[in-house]
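Inspection log for the structure reproduced underneath, given as structure tokens.
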2 protein chains.
Amino acid sequence: MTRVVVTVMPREGVLDPQGQAVQISLDRLGFGHVDNLRIGKRIELDIPGDDPEGQARTMCEALLANPLIEDFTIAVDG
Amino acid sequence: MTRVVVTVMPREGVLDPQGQAVQISLDRLGFGHVDNLRIGKRIELDIPGDDPEGQARTMCEALLANPLIEDFTIAVDG
């Protein structure tokens, strides 16, 4: 069983409405100097068997990420 | 300007409905052996000025994380 961390972020140049909303809220809280805020997903999961990284890539391509608007990275623990 | 990465994850023992939904979908795609899937947020932002880590902590406590159900970690680049 391998612990795998998948990170899914909005692609460079793609609108990030969630990030924009948070940046507006931070502005109201006095953090108007914050810049380039982007929000993505962090997915942690246990994958048994061979090639957990390859399995995670298949999951990303099939379900976890939308390749039109998101990039993903895969990190394997230990 | 310091690039800061905030990770917000559901607390241990707290229900993660988004993670459960994804795990069910993975099961249907043939990845029923995947376990302990949890989904959280990855927030990347530029923070100018002194003590970017302390500023990020204040943002987490005020807005970015819900302390009842989420834990956060802060990583400062460079």
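Following the order of the structure tokens, first chain is A, next is B, and so on, with residues numbered from 1 inside each chain and ligands from 1 in the order they appear.
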(request) Show me which bits of chain A are within 6 Å of chain B, counting only C-alpha atoms, as a PyMOL selection string. (result) chain A and resi 34-47
Chain A: residues DSSP assigns to helix (DSSP H, G or I), reported as an mmCIF file with all heavy atoms, in the first residue's frame:
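Final output, states.cif:
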data_model
loop_
_atom_site.group_PDB
_atom_site.id
_atom_site.type_symbol
_atom_site.label_atom_id
_atom_site.label_comp_id
_atom_site.auth_asym_id
_atom_site.auth_seq_id
_atom_site.Cartn_x
_atom_site.Cartn_y
_atom_site.Cartn_z
ATOM 1 N N PRO A 17 -12.087 31.143 -10.688
ATOM 2 C CA PRO A 17 -13.105 31.946 -9.983
ATOM 3 C C PRO A 17 -13.064 31.764 -8.471
ATOM 4 O O PRO A 17 -13.298 32.724 -7.727
ATOM 5 C CB PRO A 17 -14.432 31.447 -10.567
ATOM 6 C CG PRO A 17 -14.125 30.237 -11.362
ATOM 7 C CD PRO A 17 -12.661 30.185 -11.638
ATOM 8 N N GLN A 18 -12.761 30.547 -8.010
ATOM 9 C CA GLN A 18 -12.695 30.313 -6.564
ATOM 10 C C GLN A 18 -11.543 31.137 -5.959
ATOM 11 O O GLN A 18 -11.704 31.788 -4.920
ATOM 12 C CB GLN A 18 -12.489 28.814 -6.309
ATOM 13 C CG GLN A 18 -12.672 28.397 -4.865
ATOM 14 C CD GLN A 18 -12.330 26.918 -4.631
ATOM 15 O OE1 GLN A 18 -11.852 26.218 -5.519
ATOM 16 N NE2 GLN A 18 -12.579 26.456 -3.421
ATOM 17 N N GLY A 19 -10.408 31.115 -6.644
ATOM 18 C CA GLY A 19 -9.270 31.902 -6.171
ATOM 19 C C GLY A 19 -9.566 33.395 -6.178
ATOM 20 O O GLY A 19 -9.190 34.127 -5.257
ATOM 21 N N GLN A 20 -10.263 33.857 -7.216
ATOM 22 C CA GLN A 20 -10.610 35.281 -7.281
ATOM 23 C C GLN A 20 -11.533 35.682 -6.144
ATOM 24 O O GLN A 20 -11.374 36.747 -5.538
ATOM 25 C CB GLN A 20 -11.270 35.599 -8.624
ATOM 26 C CG GLN A 20 -10.282 35.550 -9.796
ATOM 27 C CD GLN A 20 -10.939 35.903 -11.110
ATOM 28 O OE1 GLN A 20 -12.113 35.609 -11.327
ATOM 29 N NE2 GLN A 20 -10.186 36.520 -12.011
ATOM 30 N N ALA A 21 -12.498 34.813 -5.829
ATOM 31 C CA ALA A 21 -13.440 35.112 -4.744
ATOM 32 C C ALA A 21 -12.702 35.211 -3.412
ATOM 33 O O ALA A 21 -12.959 36.114 -2.602
ATOM 34 C CB ALA A 21 -14.524 34.039 -4.687
ATOM 35 N N VAL A 22 -11.764 34.288 -3.190
ATOM 36 C CA VAL A 22 -11.008 34.311 -1.936
ATOM 37 C C VAL A 22 -10.132 35.563 -1.876
ATOM 38 O O VAL A 22 -10.002 36.196 -0.816
ATOM 39 C CB VAL A 22 -10.172 33.026 -1.797
ATOM 40 C CG1 VAL A 22 -9.137 33.159 -0.690
ATOM 41 C CG2 VAL A 22 -11.086 31.841 -1.509
ATOM 42 N N GLN A 23 -9.540 35.936 -3.024
ATOM 43 C CA GLN A 23 -8.681 37.127 -3.017
ATOM 44 C C GLN A 23 -9.502 38.379 -2.683
ATOM 45 O O GLN A 23 -9.040 39.258 -1.941
ATOM 46 C CB GLN A 23 -7.971 37.268 -4.365
ATOM 47 C CG GLN A 23 -6.705 38.117 -4.244
ATOM 48 C CD GLN A 23 -5.713 37.899 -5.363
ATOM 49 O OE1 GLN A 23 -5.751 36.899 -6.066
ATOM 50 N NE2 GLN A 23 -4.812 38.847 -5.539
ATOM 51 N N ILE A 24 -10.726 38.464 -3.172
ATOM 52 C CA ILE A 24 -11.609 39.598 -2.848
ATOM 53 C C ILE A 24 -11.931 39.600 -1.352
ATOM 54 O O ILE A 24 -11.911 40.652 -0.690
ATOM 55 C CB ILE A 24 -12.890 39.526 -3.706
ATOM 56 C CG1 ILE A 24 -12.551 39.864 -5.163
ATOM 57 C CG2 ILE A 24 -13.961 40.475 -3.168
ATOM 58 C CD1 ILE A 24 -13.658 39.531 -6.150
ATOM 59 N N SER A 25 -12.205 38.419 -0.791
ATOM 60 C CA SER A 25 -12.502 38.338 0.646
ATOM 61 C C SER A 25 -11.281 38.723 1.477
ATOM 62 O O SER A 25 -11.405 39.402 2.509
ATOM 63 C CB SER A 25 -12.953 36.924 1.015
ATOM 64 O OG SER A 25 -14.159 36.614 0.377
ATOM 65 N N LEU A 26 -10.094 38.306 1.041
ATOM 66 C CA LEU A 26 -8.868 38.678 1.769
ATOM 67 C C LEU A 26 -8.666 40.188 1.728
ATOM 68 O O LEU A 26 -8.237 40.799 2.713
ATOM 69 C CB LEU A 26 -7.645 37.961 1.166
ATOM 70 C CG LEU A 26 -7.515 36.469 1.494
ATOM 71 C CD1 LEU A 26 -6.328 35.874 0.741
ATOM 72 C CD2 LEU A 26 -7.349 36.243 2.994
ATOM 73 N N ASP A 27 -8.970 40.784 0.593
ATOM 74 C CA ASP A 27 -8.872 42.240 0.451
ATOM 75 C C ASP A 27 -9.728 42.923 1.520
ATOM 76 O O ASP A 27 -9.282 43.852 2.206
ATOM 77 C CB ASP A 27 -9.331 42.624 -0.962
ATOM 78 C CG ASP A 27 -9.150 44.108 -1.236
ATOM 79 O OD1 ASP A 27 -8.295 44.733 -0.572
ATOM 80 O OD2 ASP A 27 -9.858 44.635 -2.097
ATOM 81 N N ARG A 28 -10.946 42.439 1.706
ATOM 82 C CA ARG A 28 -11.854 43.029 2.714
ATOM 83 C C ARG A 28 -11.338 42.832 4.123
ATOM 84 O O ARG A 28 -11.682 43.583 5.033
ATOM 85 C CB ARG A 28 -13.246 42.389 2.588
ATOM 86 C CG ARG A 28 -13.922 42.785 1.281
ATOM 87 C CD ARG A 28 -15.399 42.404 1.272
ATOM 88 N NE ARG A 28 -15.960 42.723 -0.033
ATOM 89 C CZ ARG A 28 -16.685 41.882 -0.776
ATOM 90 N NH1 ARG A 28 -16.973 40.679 -0.325
ATOM 91 N NH2 ARG A 28 -17.140 42.255 -1.950
ATOM 92 N N PRO A 52 2.151 2.431 -8.354
ATOM 93 C CA PRO A 52 1.110 3.354 -7.841
ATOM 94 C C PRO A 52 1.092 4.678 -8.600
ATOM 95 O O PRO A 52 0.018 5.262 -8.797
ATOM 96 C CB PRO A 52 1.502 3.539 -6.366
ATOM 97 C CG PRO A 52 2.909 3.070 -6.250
ATOM 98 C CD PRO A 52 3.108 2.042 -7.313
ATOM 99 N N GLU A 53 2.262 5.133 -9.056
ATOM 100 C CA GLU A 53 2.291 6.408 -9.797
ATOM 101 C C GLU A 53 1.545 6.278 -11.128
ATOM 102 O O GLU A 53 0.775 7.170 -11.501
ATOM 103 C CB GLU A 53 3.750 6.845 -10.024
ATOM 104 C CG GLU A 53 3.846 8.222 -10.640
ATOM 105 C CD GLU A 53 5.268 8.763 -10.636
ATOM 106 O OE1 GLU A 53 6.139 8.184 -9.940
ATOM 107 O OE2 GLU A 53 5.513 9.758 -11.334
ATOM 108 N N GLY A 54 1.761 5.181 -11.819
ATOM 109 C CA GLY A 54 1.058 4.953 -13.079
ATOM 110 C C GLY A 54 -0.441 4.829 -12.871
ATOM 111 O O GLY A 54 -1.248 5.356 -13.655
ATOM 112 N N GLN A 55 -0.824 4.113 -11.800
ATOM 113 C CA GLN A 55 -2.254 3.995 -11.491
ATOM 114 C C GLN A 55 -2.849 5.370 -11.204
ATOM 115 O O GLN A 55 -3.955 5.693 -11.656
ATOM 116 C CB GLN A 55 -2.459 3.098 -10.266
ATOM 117 C CG GLN A 55 -2.137 1.634 -10.473
ATOM 118 C CD GLN A 55 -2.553 0.812 -9.257
ATOM 119 O OE1 GLN A 55 -3.725 0.776 -8.895
ATOM 120 N NE2 GLN A 55 -1.595 0.174 -8.605
ATOM 121 N N ALA A 56 -2.114 6.187 -10.428
ATOM 122 C CA ALA A 56 -2.613 7.529 -10.101
ATOM 123 C C ALA A 56 -2.763 8.368 -11.367
ATOM 124 O O ALA A 56 -3.729 9.130 -11.513
ATOM 125 C CB ALA A 56 -1.673 8.209 -9.107
ATOM 126 N N ARG A 57 -1.830 8.200 -12.316
ATOM 127 C CA ARG A 57 -1.925 8.964 -13.560
ATOM 128 C C ARG A 57 -3.196 8.582 -14.323
ATOM 129 O O ARG A 57 -3.907 9.448 -14.853
ATOM 130 C CB ARG A 57 -0.670 8.736 -14.416
ATOM 131 C CG ARG A 57 -0.692 9.540 -15.722
ATOM 132 C CD ARG A 57 0.654 9.565 -16.438
ATOM 133 N NE ARG A 57 1.657 10.216 -15.604
ATOM 134 C CZ ARG A 57 2.663 9.598 -14.981
ATOM 135 N NH1 ARG A 57 2.820 8.303 -15.124
ATOM 136 N NH2 ARG A 57 3.504 10.272 -14.228
ATOM 137 N N THR A 58 -3.471 7.279 -14.375
ATOM 138 C CA THR A 58 -4.698 6.821 -15.040
ATOM 139 C C THR A 58 -5.936 7.417 -14.365
ATOM 140 O O THR A 58 -6.880 7.862 -15.034
ATOM 141 C CB THR A 58 -4.770 5.281 -15.001
ATOM 142 O OG1 THR A 58 -3.579 4.751 -15.586
ATOM 143 C CG2 THR A 58 -5.980 4.781 -15.776
ATOM 144 N N MET A 59 -5.921 7.440 -13.022
ATOM 145 C CA MET A 59 -7.065 8.028 -12.293
ATOM 146 C C MET A 59 -7.215 9.511 -12.608
ATOM 147 O O MET A 59 -8.331 10.012 -12.755
ATOM 148 C CB MET A 59 -6.862 7.863 -10.776
ATOM 149 C CG MET A 59 -6.934 6.433 -10.287
ATOM 150 S SD MET A 59 -6.600 6.338 -8.504
ATOM 151 C CE MET A 59 -5.765 4.760 -8.424
ATOM 152 N N CYS A 60 -6.097 10.221 -12.699
ATOM 153 C CA CYS A 60 -6.152 11.653 -13.016
ATOM 154 C C CYS A 60 -6.749 11.869 -14.399
ATOM 155 O O CYS A 60 -7.607 12.738 -14.584
ATOM 156 C CB CYS A 60 -4.748 12.265 -12.963
ATOM 157 S SG CYS A 60 -4.146 12.525 -11.288
ATOM 158 N N GLU A 61 -6.274 11.066 -15.365
ATOM 159 C CA GLU A 61 -6.732 11.259 -16.742
ATOM 160 C C GLU A 61 -8.202 10.889 -16.893
ATOM 161 O O GLU A 61 -8.916 11.454 -17.717
ATOM 162 C CB GLU A 61 -5.848 10.439 -17.691
ATOM 163 C CG GLU A 61 -4.444 11.034 -17.798
ATOM 164 C CD GLU A 61 -3.421 10.078 -18.407
ATOM 165 O OE1 GLU A 61 -3.754 8.900 -18.629
ATOM 166 O OE2 GLU A 61 -2.269 10.522 -18.630
ATOM 167 N N ALA A 62 -8.668 9.928 -16.072
ATOM 168 C CA ALA A 62 -10.045 9.451 -16.208
ATOM 169 C C ALA A 62 -11.033 10.249 -15.373
ATOM 170 O O ALA A 62 -12.207 10.355 -15.726
ATOM 171 C CB ALA A 62 -10.119 7.975 -15.803
ATOM 172 N N LEU A 63 -10.570 10.806 -14.230
ATOM 173 C CA LEU A 63 -11.551 11.349 -13.287
ATOM 174 C C LEU A 63 -11.070 12.567 -12.500
ATOM 175 O O LEU A 63 -11.809 13.541 -12.348
ATOM 176 C CB LEU A 63 -11.936 10.239 -12.291
ATOM 177 C CG LEU A 63 -12.919 10.631 -11.190
ATOM 178 C CD1 LEU A 63 -14.313 10.795 -11.751
ATOM 179 C CD2 LEU A 63 -12.923 9.603 -10.057
ATOM 180 N N LEU A 64 -9.843 12.496 -11.965
ATOM 181 C CA LEU A 64 -9.474 13.467 -10.924
ATOM 182 C C LEU A 64 -9.183 14.858 -11.466
ATOM 183 O O LEU A 64 -9.361 15.848 -10.751
ATOM 184 C CB LEU A 64 -8.257 12.956 -10.130
ATOM 185 C CG LEU A 64 -8.440 11.602 -9.428
ATOM 186 C CD1 LEU A 64 -7.168 11.195 -8.704
ATOM 187 C CD2 LEU A 64 -9.611 11.657 -8.450
#
(message) To test your reading of the structure, identify every residue in chain B that backbone DSSP assigns to strand (DSSP E), and report it as a ChimeraX atom specification.
(response) /B:2-10,35-47,70-76
Just need chain A moved onto chain B: least-squares over all Cα atoms matched in order, then output as a short mmCIF file (atom, residue, chain, number, x, y, z; two decimals) with N, CA, C and O atoms, in the first residue's frame.
data_model
loop_
_atom_site.label_atom_id
_atom_site.label_comp_id
_atom_site.auth_asym_id
_atom_site.auth_seq_id
_atom_site.Cartn_x
_atom_site.Cartn_y
_atom_site.Cartn_z
N MET A 1 8.29 39.79 -1.98
CA MET A 1 7.13 38.94 -2.31
C MET A 1 7.52 37.47 -2.10
O MET A 1 8.49 37.01 -2.68
N THR A 2 6.80 36.79 -1.28
CA THR A 2 7.12 35.39 -0.98
C THR A 2 5.99 34.50 -1.46
O THR A 2 4.82 34.79 -1.21
N ARG A 3 6.35 33.43 -2.18
CA ARG A 3 5.35 32.46 -2.60
C ARG A 3 5.05 31.53 -1.42
O ARG A 3 5.97 30.91 -0.87
N VAL A 4 3.79 31.42 -1.08
CA VAL A 4 3.38 30.61 0.07
C VAL A 4 2.36 29.59 -0.41
O VAL A 4 1.52 29.88 -1.27
N VAL A 5 2.47 28.37 0.12
CA VAL A 5 1.50 27.32 -0.20
C VAL A 5 0.78 26.91 1.08
O VAL A 5 1.42 26.48 2.04
N VAL A 6 -0.53 27.08 1.09
CA VAL A 6 -1.36 26.68 2.23
C VAL A 6 -2.10 25.40 1.83
O VAL A 6 -2.73 25.35 0.77
N THR A 7 -2.01 24.39 2.68
CA THR A 7 -2.76 23.16 2.45
C THR A 7 -3.83 23.03 3.52
O THR A 7 -3.53 23.15 4.71
N VAL A 8 -5.06 22.82 3.10
CA VAL A 8 -6.19 22.69 4.03
C VAL A 8 -6.82 21.33 3.80
O VAL A 8 -7.27 21.02 2.70
N MET A 9 -6.79 20.48 4.84
CA MET A 9 -7.33 19.11 4.71
C MET A 9 -8.43 18.89 5.75
O MET A 9 -8.39 19.48 6.83
N PRO A 10 -9.41 18.02 5.43
CA PRO A 10 -10.40 17.66 6.45
C PRO A 10 -9.68 17.01 7.64
O PRO A 10 -8.75 16.23 7.47
N ARG A 11 -10.10 17.38 8.83
CA ARG A 11 -9.50 16.83 10.05
C ARG A 11 -9.67 15.32 10.11
O ARG A 11 -10.69 14.78 9.65
N GLU A 12 -8.72 14.67 10.73
CA GLU A 12 -8.81 13.24 11.02
C GLU A 12 -10.14 12.94 11.72
O GLU A 12 -10.50 13.60 12.68
N GLY A 13 -10.87 11.98 11.22
CA GLY A 13 -12.12 11.59 11.86
C GLY A 13 -13.34 12.38 11.39
O GLY A 13 -14.47 12.01 11.70
N VAL A 14 -13.10 13.43 10.62
CA VAL A 14 -14.22 14.20 10.09
C VAL A 14 -14.64 13.61 8.75
O VAL A 14 -13.80 13.24 7.93
N LEU A 15 -15.93 13.51 8.54
CA LEU A 15 -16.47 13.00 7.28
C LEU A 15 -15.95 13.86 6.11
O LEU A 15 -15.90 15.08 6.20
N ASP A 16 -15.60 13.20 5.01
CA ASP A 16 -15.12 13.90 3.81
C ASP A 16 -16.00 13.48 2.64
O ASP A 16 -15.65 12.57 1.88
N PRO A 17 -17.17 14.11 2.49
CA PRO A 17 -18.13 13.65 1.47
C PRO A 17 -17.57 13.72 0.05
O PRO A 17 -17.87 12.86 -0.78
N GLN A 18 -16.76 14.75 -0.23
CA GLN A 18 -16.18 14.87 -1.57
C GLN A 18 -15.23 13.68 -1.84
O GLN A 18 -15.27 13.07 -2.91
N GLY A 19 -14.42 13.37 -0.84
CA GLY A 19 -13.52 12.23 -0.98
C GLY A 19 -14.28 10.92 -1.14
O GLY A 19 -13.90 10.05 -1.94
N GLN A 20 -15.37 10.76 -0.39
CA GLN A 20 -16.17 9.54 -0.51
C GLN A 20 -16.77 9.40 -1.90
O GLN A 20 -16.80 8.31 -2.48
N ALA A 21 -17.25 10.52 -2.45
CA ALA A 21 -17.86 10.49 -3.78
C ALA A 21 -16.83 10.09 -4.83
O ALA A 21 -17.10 9.28 -5.72
N VAL A 22 -15.62 10.64 -4.70
CA VAL A 22 -14.57 10.30 -5.66
C VAL A 22 -14.17 8.83 -5.52
O VAL A 22 -13.94 8.13 -6.52
N GLN A 23 -14.12 8.34 -4.27
CA GLN A 23 -13.74 6.94 -4.07
C GLN A 23 -14.78 6.01 -4.71
O GLN A 23 -14.43 4.99 -5.32
N ILE A 24 -16.06 6.36 -4.62
CA ILE A 24 -17.12 5.56 -5.26
C ILE A 24 -16.95 5.58 -6.78
O ILE A 24 -17.07 4.55 -7.46
N SER A 25 -16.63 6.76 -7.34
CA SER A 25 -16.43 6.85 -8.79
C SER A 25 -15.21 6.05 -9.22
O SER A 25 -15.23 5.39 -10.28
N LEU A 26 -14.15 6.07 -8.42
CA LEU A 26 -12.95 5.28 -8.76
C LEU A 26 -13.28 3.79 -8.74
O LEU A 26 -12.79 3.02 -9.58
N ASP A 27 -14.09 3.39 -7.79
CA ASP A 27 -14.53 1.99 -7.70
C ASP A 27 -15.19 1.57 -9.01
O ASP A 27 -14.88 0.52 -9.58
N ARG A 28 -16.06 2.42 -9.54
CA ARG A 28 -16.76 2.11 -10.80
C ARG A 28 -15.80 2.05 -11.97
O ARG A 28 -16.07 1.41 -12.98
N LEU A 29 -14.67 2.76 -11.86
CA LEU A 29 -13.67 2.76 -12.94
C LEU A 29 -12.67 1.61 -12.80
O LEU A 29 -11.70 1.53 -13.55
N GLY A 30 -12.88 0.75 -11.80
CA GLY A 30 -11.98 -0.39 -11.62
C GLY A 30 -10.90 -0.18 -10.59
O GLY A 30 -9.98 -1.00 -10.47
N PHE A 31 -10.97 0.93 -9.85
CA PHE A 31 -9.97 1.19 -8.81
C PHE A 31 -10.58 1.01 -7.42
O PHE A 31 -10.41 1.85 -6.53
N GLY A 32 -11.29 -0.11 -7.24
CA GLY A 32 -11.94 -0.37 -5.96
C GLY A 32 -10.97 -0.67 -4.84
O GLY A 32 -11.34 -0.65 -3.67
N HIS A 33 -9.70 -0.93 -5.19
CA HIS A 33 -8.71 -1.26 -4.16
C HIS A 33 -8.10 -0.01 -3.53
O HIS A 33 -7.33 -0.11 -2.59
N VAL A 34 -8.43 1.17 -4.06
CA VAL A 34 -7.93 2.42 -3.48
C VAL A 34 -8.59 2.66 -2.12
O VAL A 34 -9.77 2.35 -1.93
N ASP A 35 -7.82 3.19 -1.16
CA ASP A 35 -8.34 3.34 0.20
C ASP A 35 -7.91 4.68 0.80
O ASP A 35 -6.94 5.30 0.35
N ASN A 36 -8.64 5.07 1.85
CA ASN A 36 -8.27 6.26 2.63
C ASN A 36 -8.11 7.50 1.77
O ASN A 36 -7.17 8.28 1.97
N LEU A 37 -9.00 7.70 0.84
CA LEU A 37 -8.92 8.88 -0.03
C LEU A 37 -9.51 10.09 0.69
O LEU A 37 -10.62 10.04 1.23
N ARG A 38 -8.73 11.18 0.72
CA ARG A 38 -9.17 12.43 1.35
C ARG A 38 -8.89 13.57 0.38
O ARG A 38 -7.85 13.59 -0.27
N ILE A 39 -9.80 14.51 0.31
CA ILE A 39 -9.61 15.65 -0.58
C ILE A 39 -9.59 16.94 0.23
O ILE A 39 -10.46 17.17 1.07
N GLY A 40 -8.57 17.73 -0.04
CA GLY A 40 -8.48 19.05 0.58
C GLY A 40 -8.13 20.09 -0.46
O GLY A 40 -8.22 19.84 -1.67
N LYS A 41 -7.73 21.27 0.02
CA LYS A 41 -7.42 22.38 -0.87
C LYS A 41 -5.94 22.71 -0.83
O LYS A 41 -5.29 22.59 0.22
N ARG A 42 -5.42 23.12 -1.97
CA ARG A 42 -4.07 23.68 -2.03
C ARG A 42 -4.21 25.12 -2.53
O ARG A 42 -4.76 25.37 -3.60
N ILE A 43 -3.75 26.06 -1.71
CA ILE A 43 -3.88 27.48 -2.02
C ILE A 43 -2.48 28.05 -2.18
O ILE A 43 -1.68 27.99 -1.25
N GLU A 44 -2.17 28.57 -3.36
CA GLU A 44 -0.87 29.19 -3.62
C GLU A 44 -1.09 30.70 -3.70
O GLU A 44 -2.03 31.14 -4.36
N LEU A 45 -0.22 31.47 -3.07
CA LEU A 45 -0.38 32.93 -3.12
C LEU A 45 0.94 33.63 -2.86
O LEU A 45 1.86 33.05 -2.26
N ASP A 46 1.07 34.86 -3.36
CA ASP A 46 2.23 35.70 -3.12
C ASP A 46 1.90 36.66 -1.99
O ASP A 46 0.89 37.37 -2.05
N ILE A 47 2.76 36.68 -0.97
CA ILE A 47 2.55 37.58 0.17
C ILE A 47 3.77 38.49 0.30
O ILE A 47 4.88 38.01 0.54
N PRO A 48 3.59 39.81 0.16
CA PRO A 48 4.70 40.72 0.35
C PRO A 48 4.88 41.06 1.83
O PRO A 48 4.01 40.76 2.66
N GLY A 49 6.02 41.67 2.14
CA GLY A 49 6.24 42.19 3.50
C GLY A 49 6.81 41.16 4.44
O GLY A 49 7.22 40.08 4.04
N ASP A 50 6.82 41.54 5.71
CA ASP A 50 7.45 40.72 6.74
C ASP A 50 6.55 39.54 7.15
O ASP A 50 5.34 39.63 7.06
N ASP A 51 7.20 38.51 7.62
CA ASP A 51 6.53 37.37 8.24
C ASP A 51 5.38 36.80 7.39
O ASP A 51 4.23 36.75 7.83
N PRO A 52 5.69 36.39 6.16
CA PRO A 52 4.61 35.83 5.31
C PRO A 52 3.93 34.63 5.95
O PRO A 52 2.72 34.44 5.78
N GLU A 53 4.69 33.84 6.72
CA GLU A 53 4.07 32.67 7.37
C GLU A 53 3.03 33.11 8.41
O GLU A 53 1.94 32.54 8.48
N GLY A 54 3.38 34.11 9.19
CA GLY A 54 2.44 34.62 10.18
C GLY A 54 1.20 35.22 9.53
O GLY A 54 0.07 35.03 10.00
N GLN A 55 1.42 35.96 8.44
CA GLN A 55 0.28 36.53 7.71
C GLN A 55 -0.62 35.41 7.18
O GLN A 55 -1.85 35.49 7.26
N ALA A 56 0.01 34.36 6.63
CA ALA A 56 -0.78 33.24 6.09
C ALA A 56 -1.57 32.56 7.20
O ALA A 56 -2.73 32.17 7.01
N ARG A 57 -0.98 32.47 8.40
CA ARG A 57 -1.69 31.84 9.51
C ARG A 57 -2.94 32.66 9.87
O ARG A 57 -4.02 32.11 10.11
N THR A 58 -2.77 33.98 9.90
CA THR A 58 -3.92 34.85 10.18
C THR A 58 -5.02 34.66 9.13
O THR A 58 -6.21 34.59 9.45
N MET A 59 -4.60 34.56 7.86
CA MET A 59 -5.59 34.34 6.78
C MET A 59 -6.31 33.01 6.96
O MET A 59 -7.51 32.91 6.73
N CYS A 60 -5.57 31.98 7.35
CA CYS A 60 -6.19 30.67 7.56
C CYS A 60 -7.21 30.73 8.68
O CYS A 60 -8.32 30.20 8.54
N GLU A 61 -6.82 31.38 9.78
CA GLU A 61 -7.72 31.42 10.94
C GLU A 61 -8.96 32.27 10.65
O GLU A 61 -10.03 32.01 11.19
N ALA A 62 -8.80 33.28 9.78
CA ALA A 62 -9.92 34.19 9.51
C ALA A 62 -10.81 33.72 8.38
O ALA A 62 -12.00 34.02 8.35
N LEU A 63 -10.23 32.98 7.40
CA LEU A 63 -10.99 32.74 6.18
C LEU A 63 -10.72 31.39 5.51
O LEU A 63 -11.65 30.71 5.09
N LEU A 64 -9.44 31.03 5.38
CA LEU A 64 -9.11 29.93 4.45
C LEU A 64 -9.47 28.55 4.99
O LEU A 64 -9.73 27.64 4.20
N ALA A 65 -9.48 28.39 6.30
CA ALA A 65 -9.78 27.08 6.88
C ALA A 65 -10.88 27.21 7.92
O ALA A 65 -11.01 28.24 8.57
N ASN A 66 -11.65 26.17 8.06
CA ASN A 66 -12.67 26.09 9.12
C ASN A 66 -12.10 25.21 10.23
O ASN A 66 -12.02 23.98 10.07
N PRO A 67 -11.70 25.82 11.35
CA PRO A 67 -10.98 25.05 12.38
C PRO A 67 -11.79 23.91 12.99
O PRO A 67 -11.22 22.99 13.57
N LEU A 68 -13.11 23.95 12.86
CA LEU A 68 -13.93 22.87 13.41
C LEU A 68 -13.73 21.58 12.63
O LEU A 68 -13.80 20.49 13.20
N ILE A 69 -13.50 21.69 11.33
CA ILE A 69 -13.46 20.49 10.50
C ILE A 69 -12.20 20.36 9.65
O ILE A 69 -12.02 19.35 8.97
N GLU A 70 -11.33 21.38 9.68
CA GLU A 70 -10.16 21.34 8.81
C GLU A 70 -8.87 21.67 9.57
O GLU A 70 -8.87 22.48 10.50
N ASP A 71 -7.78 21.05 9.13
CA ASP A 71 -6.44 21.41 9.58
C ASP A 71 -5.73 22.12 8.43
O ASP A 71 -5.96 21.80 7.27
N PHE A 72 -4.83 23.03 8.77
CA PHE A 72 -4.04 23.66 7.71
C PHE A 72 -2.55 23.57 7.99
O PHE A 72 -2.14 23.48 9.15
N THR A 73 -1.76 23.55 6.93
CA THR A 73 -0.31 23.66 7.03
C THR A 73 0.14 24.75 6.07
O THR A 73 -0.50 25.01 5.05
N ILE A 74 1.26 25.38 6.42
CA ILE A 74 1.78 26.51 5.64
C ILE A 74 3.21 26.20 5.25
O ILE A 74 4.03 25.84 6.09
N ALA A 75 3.52 26.31 3.95
CA ALA A 75 4.88 26.12 3.47
C ALA A 75 5.32 27.38 2.75
O ALA A 75 4.59 27.91 1.90
N VAL A 76 6.51 27.87 3.11
CA VAL A 76 7.04 29.10 2.51
C VAL A 76 8.14 28.72 1.54
O VAL A 76 9.08 28.00 1.91
N ASP A 77 8.03 29.19 0.31
CA ASP A 77 9.04 28.90 -0.73
C ASP A 77 10.22 29.84 -0.58
O ASP A 77 10.05 31.05 -0.52
N GLY A 78 11.40 29.27 -0.62
CA GLY A 78 12.63 30.08 -0.62
C GLY A 78 12.68 31.00 0.56
O GLY A 78 12.88 32.19 0.43
#
